[in-house]
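Comments concern the structure below.
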Amino acid sequence: MDTDATPTPASAPALDLEPAARRIAALLDGVDDSSLGGPTPCPDYAVRELLGHLAMLAAAFRDAARKDLGPGTATAPDAAPPVLDDDWRETLPRRLEELTAAWRSPDAWTGMTRAGGVELPGEAAGAVALDELVVHGWDLARSTGQPYAAGEDELRACAALLAPDEDDPDRGGIFGPPVPVKDGAPLLDRVIGLSGRRPDWRPEG
């Protein structure tokens, strides 16, 4: 037996959620209390509900990564309107950090887990978590008049998740039916269109 053998390192996570989570946390400083009632690209959400949804999904996908399958992973996202806690400026960044830390573990990407009441492989749950962060990060930035950019690897992963297929050409996947975008549009615009949003959306209509 070779006692000097070096252990084989665990496989790296399939996707890195940290940049998307950090972008959302950075956007929070640009959210004034006066803007919480403003519109967002999500028709049923004002900024307040969007932030509540982000807090809820961060906790749910954190627990999905940990395979901690309790009530937070069993509830469908549309089961009830999101509620924004009074201390959201402290709790939301913390949950985003916890989400990122949980998905750094290679074990998060293996086996089965649950999110939004749906059983799915860990790798698929991680891809959905990234997509939620990227698209809702764009929602928050656009709703509050802030710039937004995402990395090419992130956007390609989101596009692959949201792209229609032959069996379901109108698949909106997680969000809604795709919105056509012009030929040659930036990859971010294409992802936003695939998520059922108009890339030129503005709060003023």
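In the structure tokens, the first chain shown is A, the next is B, and so on; residue numbers restart at 1 for each chain, and ligands run from 1 in the order shown.
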>> Based on the backbone DSSP call, show me all residues of segment 17-204 of chain A assigned strand (DSSP E), as a VMD selection string.
In response: chain A and resid 112 to 115 118 to 121
Mind dumping a table of every segment 106-185 of chain A residue within 10 Å of segment 190-202 of chain A, with the nearest atom pair and its distance in Å to one decimal, using only C-alpha atoms, sorted by chain and rising number, as JSON lines?
```
{"residue": "A:Asp131", "atom": "CA", "partner": "A:Ser195", "partner_atom": "CA", "distance": 9.3}
{"residue": "A:Glu132", "atom": "CA", "partner": "A:Ser195", "partner_atom": "CA", "distance": 9.9}
{"residue": "A:Val134", "atom": "CA", "partner": "A:Ile192", "partner_atom": "CA", "distance": 9.3}
{"residue": "A:Val135", "atom": "CA", "partner": "A:Ile192", "partner_atom": "CA", "distance": 6.7}
{"residue": "A:His136", "atom": "CA", "partner": "A:Ile192", "partner_atom": "CA", "distance": 9.8}
{"residue": "A:Trp138", "atom": "CA", "partner": "A:Ile192", "partner_atom": "CA", "distance": 8.2}
{"residue": "A:Asp139", "atom": "CA", "partner": "A:Arg197", "partner_atom": "CA", "distance": 9.2}
{"residue": "A:Arg142", "atom": "CA", "partner": "A:Arg202", "partner_atom": "CA", "distance": 6.6}
{"residue": "A:Ser143", "atom": "CA", "partner": "A:Arg202", "partner_atom": "CA", "distance": 7.0}
{"residue": "A:Thr144", "atom": "CA", "partner": "A:Arg202", "partner_atom": "CA", "distance": 9.4}
{"residue": "A:Gly145", "atom": "CA", "partner": "A:Arg202", "partner_atom": "CA", "distance": 8.4}
{"residue": "A:Leu155", "atom": "CA", "partner": "A:Val191", "partner_atom": "CA", "distance": 6.8}
{"residue": "A:Arg156", "atom": "CA", "partner": "A:Val191", "partner_atom": "CA", "distance": 8.3}
{"residue": "A:Ala157", "atom": "CA", "partner": "A:Val191", "partner_atom": "CA", "distance": 9.6}
{"residue": "A:Cys158", "atom": "CA", "partner": "A:Val191", "partner_atom": "CA", "distance": 6.6}
{"residue": "A:Ala159", "atom": "CA", "partner": "A:Val191", "partner_atom": "CA", "distance": 5.4}
{"residue": "A:Ala160", "atom": "CA", "partner": "A:Val191", "partner_atom": "CA", "distance": 9.2}
{"residue": "A:Leu161", "atom": "CA", "partner": "A:Leu194", "partner_atom": "CA", "distance": 9.5}
{"residue": "A:Leu162", "atom": "CA", "partner": "A:Leu194", "partner_atom": "CA", "distance": 5.9}
{"residue": "A:Ala163", "atom": "CA", "partner": "A:Leu194", "partner_atom": "CA", "distance": 6.5}
{"residue": "A:Pro164", "atom": "CA", "partner": "A:Leu194", "partner_atom": "CA", "distance": 8.2}
{"residue": "A:Asp170", "atom": "CA", "partner": "A:Leu194", "partner_atom": "CA", "distance": 9.7}
{"residue": "A:Arg171", "atom": "CA", "partner": "A:Leu194", "partner_atom": "CA", "distance": 8.8}
{"residue": "A:Gly172", "atom": "CA", "partner": "A:Ser195", "partner_atom": "CA", "distance": 6.1}
{"residue": "A:Gly173", "atom": "CA", "partner": "A:Ser195", "partner_atom": "CA", "distance": 7.7}
{"residue": "A:Ile174", "atom": "CA", "partner": "A:Ser195", "partner_atom": "CA", "distance": 7.5}
{"residue": "A:Phe175", "atom": "CA", "partner": "A:Ser195", "partner_atom": "CA", "distance": 5.5}
{"residue": "A:Gly176", "atom": "CA", "partner": "A:Gly196", "partner_atom": "CA", "distance": 4.7}
{"residue": "A:Pro177", "atom": "CA", "partner": "A:Gly196", "partner_atom": "CA", "distance": 5.1}
{"residue": "A:Pro178", "atom": "CA", "partner": "A:Leu194", "partner_atom": "CA", "distance": 4.3}
{"residue": "A:Val179", "atom": "CA", "partner": "A:Gly193", "partner_atom": "CA", "distance": 4.6}
{"residue": "A:Pro180", "atom": "CA", "partner": "A:Gly193", "partner_atom": "CA", "distance": 6.1}
{"residue": "A:Val181", "atom": "CA", "partner": "A:Gly193", "partner_atom": "CA", "distance": 6.2}
{"residue": "A:Lys182", "atom": "CA", "partner": "A:Arg190", "partner_atom": "CA", "distance": 8.6}
{"residue": "A:Asp183", "atom": "CA", "partner": "A:Arg190", "partner_atom": "CA", "distance": 9.3}
{"residue": "A:Gly184", "atom": "CA", "partner": "A:Arg190", "partner_atom": "CA", "distance": 9.1}
{"residue": "A:Ala185", "atom": "CA", "partner": "A:Arg190", "partner_atom": "CA", "distance": 6.4}
```
Using N, CA, C and O atoms, can you write the selected residues to a file as a compact mmCIF listing (two decimals), in the first residue's frame?
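Output file part17.txt follows:
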```
# COMPACT_ATOMS: atom_id res chain seq x y z
N ASP A 131 -30.10 29.91 -13.67
CA ASP A 131 -31.01 30.60 -14.56
C ASP A 131 -31.90 31.58 -13.78
O ASP A 131 -32.12 32.71 -14.22
N GLU A 132 -32.39 31.15 -12.64
CA GLU A 132 -33.22 32.03 -11.81
C GLU A 132 -32.43 33.27 -11.38
O GLU A 132 -32.94 34.40 -11.40
N VAL A 134 -29.74 34.63 -12.85
CA VAL A 134 -29.41 35.49 -13.99
C VAL A 134 -30.63 36.28 -14.45
O VAL A 134 -30.58 37.50 -14.62
N VAL A 135 -31.74 35.59 -14.67
CA VAL A 135 -32.93 36.26 -15.22
C VAL A 135 -33.54 37.22 -14.20
O VAL A 135 -33.87 38.36 -14.53
N HIS A 136 -33.67 36.78 -12.95
CA HIS A 136 -34.26 37.69 -11.96
C HIS A 136 -33.29 38.80 -11.57
O HIS A 136 -33.73 39.88 -11.13
N TRP A 138 -31.49 40.30 -13.84
CA TRP A 138 -31.83 41.26 -14.91
C TRP A 138 -33.14 41.96 -14.59
O TRP A 138 -33.25 43.18 -14.77
N ASP A 139 -34.14 41.22 -14.10
CA ASP A 139 -35.42 41.83 -13.72
C ASP A 139 -35.21 42.96 -12.72
O ASP A 139 -35.77 44.05 -12.86
N ARG A 142 -33.28 45.98 -14.28
CA ARG A 142 -34.11 46.75 -15.21
C ARG A 142 -35.20 47.52 -14.45
O ARG A 142 -35.52 48.65 -14.80
N SER A 143 -35.76 46.93 -13.41
CA SER A 143 -36.84 47.57 -12.65
C SER A 143 -36.36 48.77 -11.86
O SER A 143 -37.14 49.68 -11.57
N THR A 144 -35.08 48.77 -11.50
CA THR A 144 -34.55 49.84 -10.65
C THR A 144 -33.55 50.72 -11.38
O THR A 144 -32.82 51.50 -10.75
N GLY A 145 -33.50 50.61 -12.71
CA GLY A 145 -32.69 51.51 -13.51
C GLY A 145 -31.20 51.31 -13.36
O GLY A 145 -30.44 52.29 -13.42
N LEU A 155 -24.63 32.73 -19.52
CA LEU A 155 -25.69 32.95 -20.49
C LEU A 155 -25.89 31.75 -21.40
O LEU A 155 -27.03 31.40 -21.75
N ARG A 156 -24.80 31.10 -21.77
CA ARG A 156 -24.94 29.91 -22.61
C ARG A 156 -25.65 28.79 -21.86
O ARG A 156 -26.45 28.05 -22.44
N ALA A 157 -25.36 28.66 -20.58
CA ALA A 157 -26.05 27.65 -19.77
C ALA A 157 -27.54 27.97 -19.67
O ALA A 157 -28.39 27.07 -19.76
N CYS A 158 -27.87 29.24 -19.49
CA CYS A 158 -29.27 29.63 -19.42
C CYS A 158 -29.98 29.41 -20.75
O CYS A 158 -31.12 28.93 -20.78
N ALA A 159 -29.32 29.76 -21.84
CA ALA A 159 -29.92 29.57 -23.17
C ALA A 159 -30.20 28.10 -23.43
O ALA A 159 -31.24 27.73 -23.97
N ALA A 160 -29.26 27.23 -23.03
CA ALA A 160 -29.46 25.80 -23.23
C ALA A 160 -30.64 25.29 -22.42
O ALA A 160 -31.41 24.42 -22.88
N LEU A 161 -30.82 25.84 -21.23
CA LEU A 161 -31.94 25.40 -20.38
C LEU A 161 -33.28 25.87 -20.93
O LEU A 161 -34.28 25.15 -20.89
N LEU A 162 -33.32 27.09 -21.46
CA LEU A 162 -34.58 27.70 -21.87
C LEU A 162 -34.95 27.46 -23.33
O LEU A 162 -36.10 27.70 -23.71
N ALA A 163 -34.01 27.00 -24.13
CA ALA A 163 -34.27 26.89 -25.57
C ALA A 163 -35.42 25.94 -25.86
O ALA A 163 -35.52 24.87 -25.26
N PRO A 164 -36.34 26.32 -26.78
CA PRO A 164 -37.42 25.42 -27.18
C PRO A 164 -36.85 24.16 -27.83
O PRO A 164 -35.72 24.14 -28.31
N ASP A 170 -43.04 25.90 -27.97
CA ASP A 170 -43.41 27.10 -27.21
C ASP A 170 -42.95 27.02 -25.77
O ASP A 170 -43.39 27.80 -24.93
N ARG A 171 -42.04 26.08 -25.50
CA ARG A 171 -41.59 25.91 -24.12
C ARG A 171 -41.00 27.19 -23.58
O ARG A 171 -40.07 27.73 -24.14
N GLY A 172 -41.58 27.68 -22.48
CA GLY A 172 -40.97 28.79 -21.78
C GLY A 172 -40.19 28.28 -20.60
O GLY A 172 -39.55 29.03 -19.89
N GLY A 173 -40.30 26.96 -20.40
CA GLY A 173 -39.58 26.35 -19.29
C GLY A 173 -40.07 26.90 -17.98
O GLY A 173 -41.20 26.72 -17.58
N ILE A 174 -39.20 27.62 -17.32
CA ILE A 174 -39.45 28.07 -15.97
C ILE A 174 -40.31 29.33 -15.94
O ILE A 174 -40.99 29.60 -14.97
N PHE A 175 -40.30 30.11 -16.99
CA PHE A 175 -40.90 31.43 -16.96
C PHE A 175 -42.15 31.51 -17.83
O PHE A 175 -43.25 31.30 -17.35
N GLY A 176 -42.02 31.81 -19.09
CA GLY A 176 -43.18 31.94 -19.96
C GLY A 176 -42.78 31.69 -21.40
O GLY A 176 -41.61 31.47 -21.70
N PRO A 177 -43.74 31.71 -22.33
CA PRO A 177 -43.42 31.48 -23.74
C PRO A 177 -42.36 32.45 -24.23
O PRO A 177 -42.37 33.62 -23.88
N PRO A 178 -41.43 31.99 -25.05
CA PRO A 178 -40.35 32.86 -25.53
C PRO A 178 -40.88 34.06 -26.31
O PRO A 178 -41.91 33.99 -26.98
N VAL A 179 -40.15 35.17 -26.22
CA VAL A 179 -40.44 36.38 -26.99
C VAL A 179 -39.37 36.49 -28.07
O VAL A 179 -38.18 36.43 -27.78
N PRO A 180 -39.78 36.63 -29.34
CA PRO A 180 -38.77 36.74 -30.41
C PRO A 180 -37.89 37.97 -30.22
O PRO A 180 -38.35 39.02 -29.78
N VAL A 181 -36.62 37.82 -30.56
CA VAL A 181 -35.69 38.95 -30.56
C VAL A 181 -35.07 39.05 -31.95
O VAL A 181 -35.08 38.09 -32.72
N LYS A 182 -34.53 40.20 -32.27
CA LYS A 182 -33.99 40.43 -33.61
C LYS A 182 -32.75 39.57 -33.85
O LYS A 182 -32.02 39.21 -32.92
N ASP A 183 -32.52 39.26 -35.10
CA ASP A 183 -31.32 38.51 -35.48
C ASP A 183 -30.06 39.28 -35.07
O ASP A 183 -30.00 40.51 -35.19
N GLY A 184 -29.09 38.55 -34.56
CA GLY A 184 -27.86 39.19 -34.14
C GLY A 184 -27.93 39.87 -32.79
O GLY A 184 -27.00 40.59 -32.43
N ALA A 185 -29.02 39.68 -32.05
CA ALA A 185 -29.15 40.31 -30.73
C ALA A 185 -28.07 39.76 -29.79
O ALA A 185 -27.63 38.62 -29.92
```
> Which residue gives the smallest distance to Trp103 of chain A among A:Arg48, A:Ala124, A:Arg66, A:Ile24, with only C-alpha atoms counted?
Replying inline: A:Arg66
> In Å to one decimal, how far is atom CA of Gly72 of chain A from atom CA of Ala60 of chain A?
Replying inline: 5.2 Å
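Across A:Pro203, A:Pro19, A:Pro77, A:Pro121, the tightest approach to Leu57 of chain A is made by A:Pro77 when counting only C-alpha atoms.
Note that atom CA of Ala21 of chain A and atom CA of Ala65 of chain A are 14.9 Å apart.
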>> Taking only segment 3-125 of chain A into account, list the residues labelled helix (DSSP H, G or I) by DSSP (computed from the backbone), as a ChimeraX atom specification.
In response: /A:18-30,33-35,47-66,71-74,88-104,106-109,122-125
Where does segment 101-188 of chain A meet segment 13-18 of chain A within 10 Å, residue by residue, with the nearest atom pair and distance in Å to one decimal for each, counting only C-alpha atoms, listed by chain and rising number, as a tab-separated table?
```
residue	atom	partner	partner_atom	distance
A:Ala101	CA	A:Glu18	CA	8.3
A:Ala102	CA	A:Leu17	CA	9.8
A:Trp103	CA	A:Leu17	CA	7.2
A:Arg104	CA	A:Pro13	CA	6.0
A:Ser105	CA	A:Pro13	CA	6.7
A:Pro106	CA	A:Pro13	CA	5.0
A:Asp107	CA	A:Pro13	CA	8.4
A:Ala108	CA	A:Pro13	CA	8.1
A:Trp109	CA	A:Pro13	CA	6.8
A:Thr110	CA	A:Pro13	CA	9.7
A:Glu123	CA	A:Ala14	CA	7.3
A:Gly126	CA	A:Leu15	CA	7.4
A:Ala127	CA	A:Leu15	CA	7.4
A:Ala129	CA	A:Leu17	CA	7.9
A:Leu130	CA	A:Leu17	CA	5.8
A:Asp131	CA	A:Leu17	CA	9.4
A:Leu133	CA	A:Leu17	CA	8.1
A:Val134	CA	A:Leu17	CA	9.2
A:Asp153	CA	A:Leu15	CA	8.5
A:Glu154	CA	A:Leu15	CA	7.9
A:Ala157	CA	A:Leu15	CA	8.4
```
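Going from atom CA of Val47 of chain A over to atom CA of Val31 of chain A, you cover 8.8 Å.
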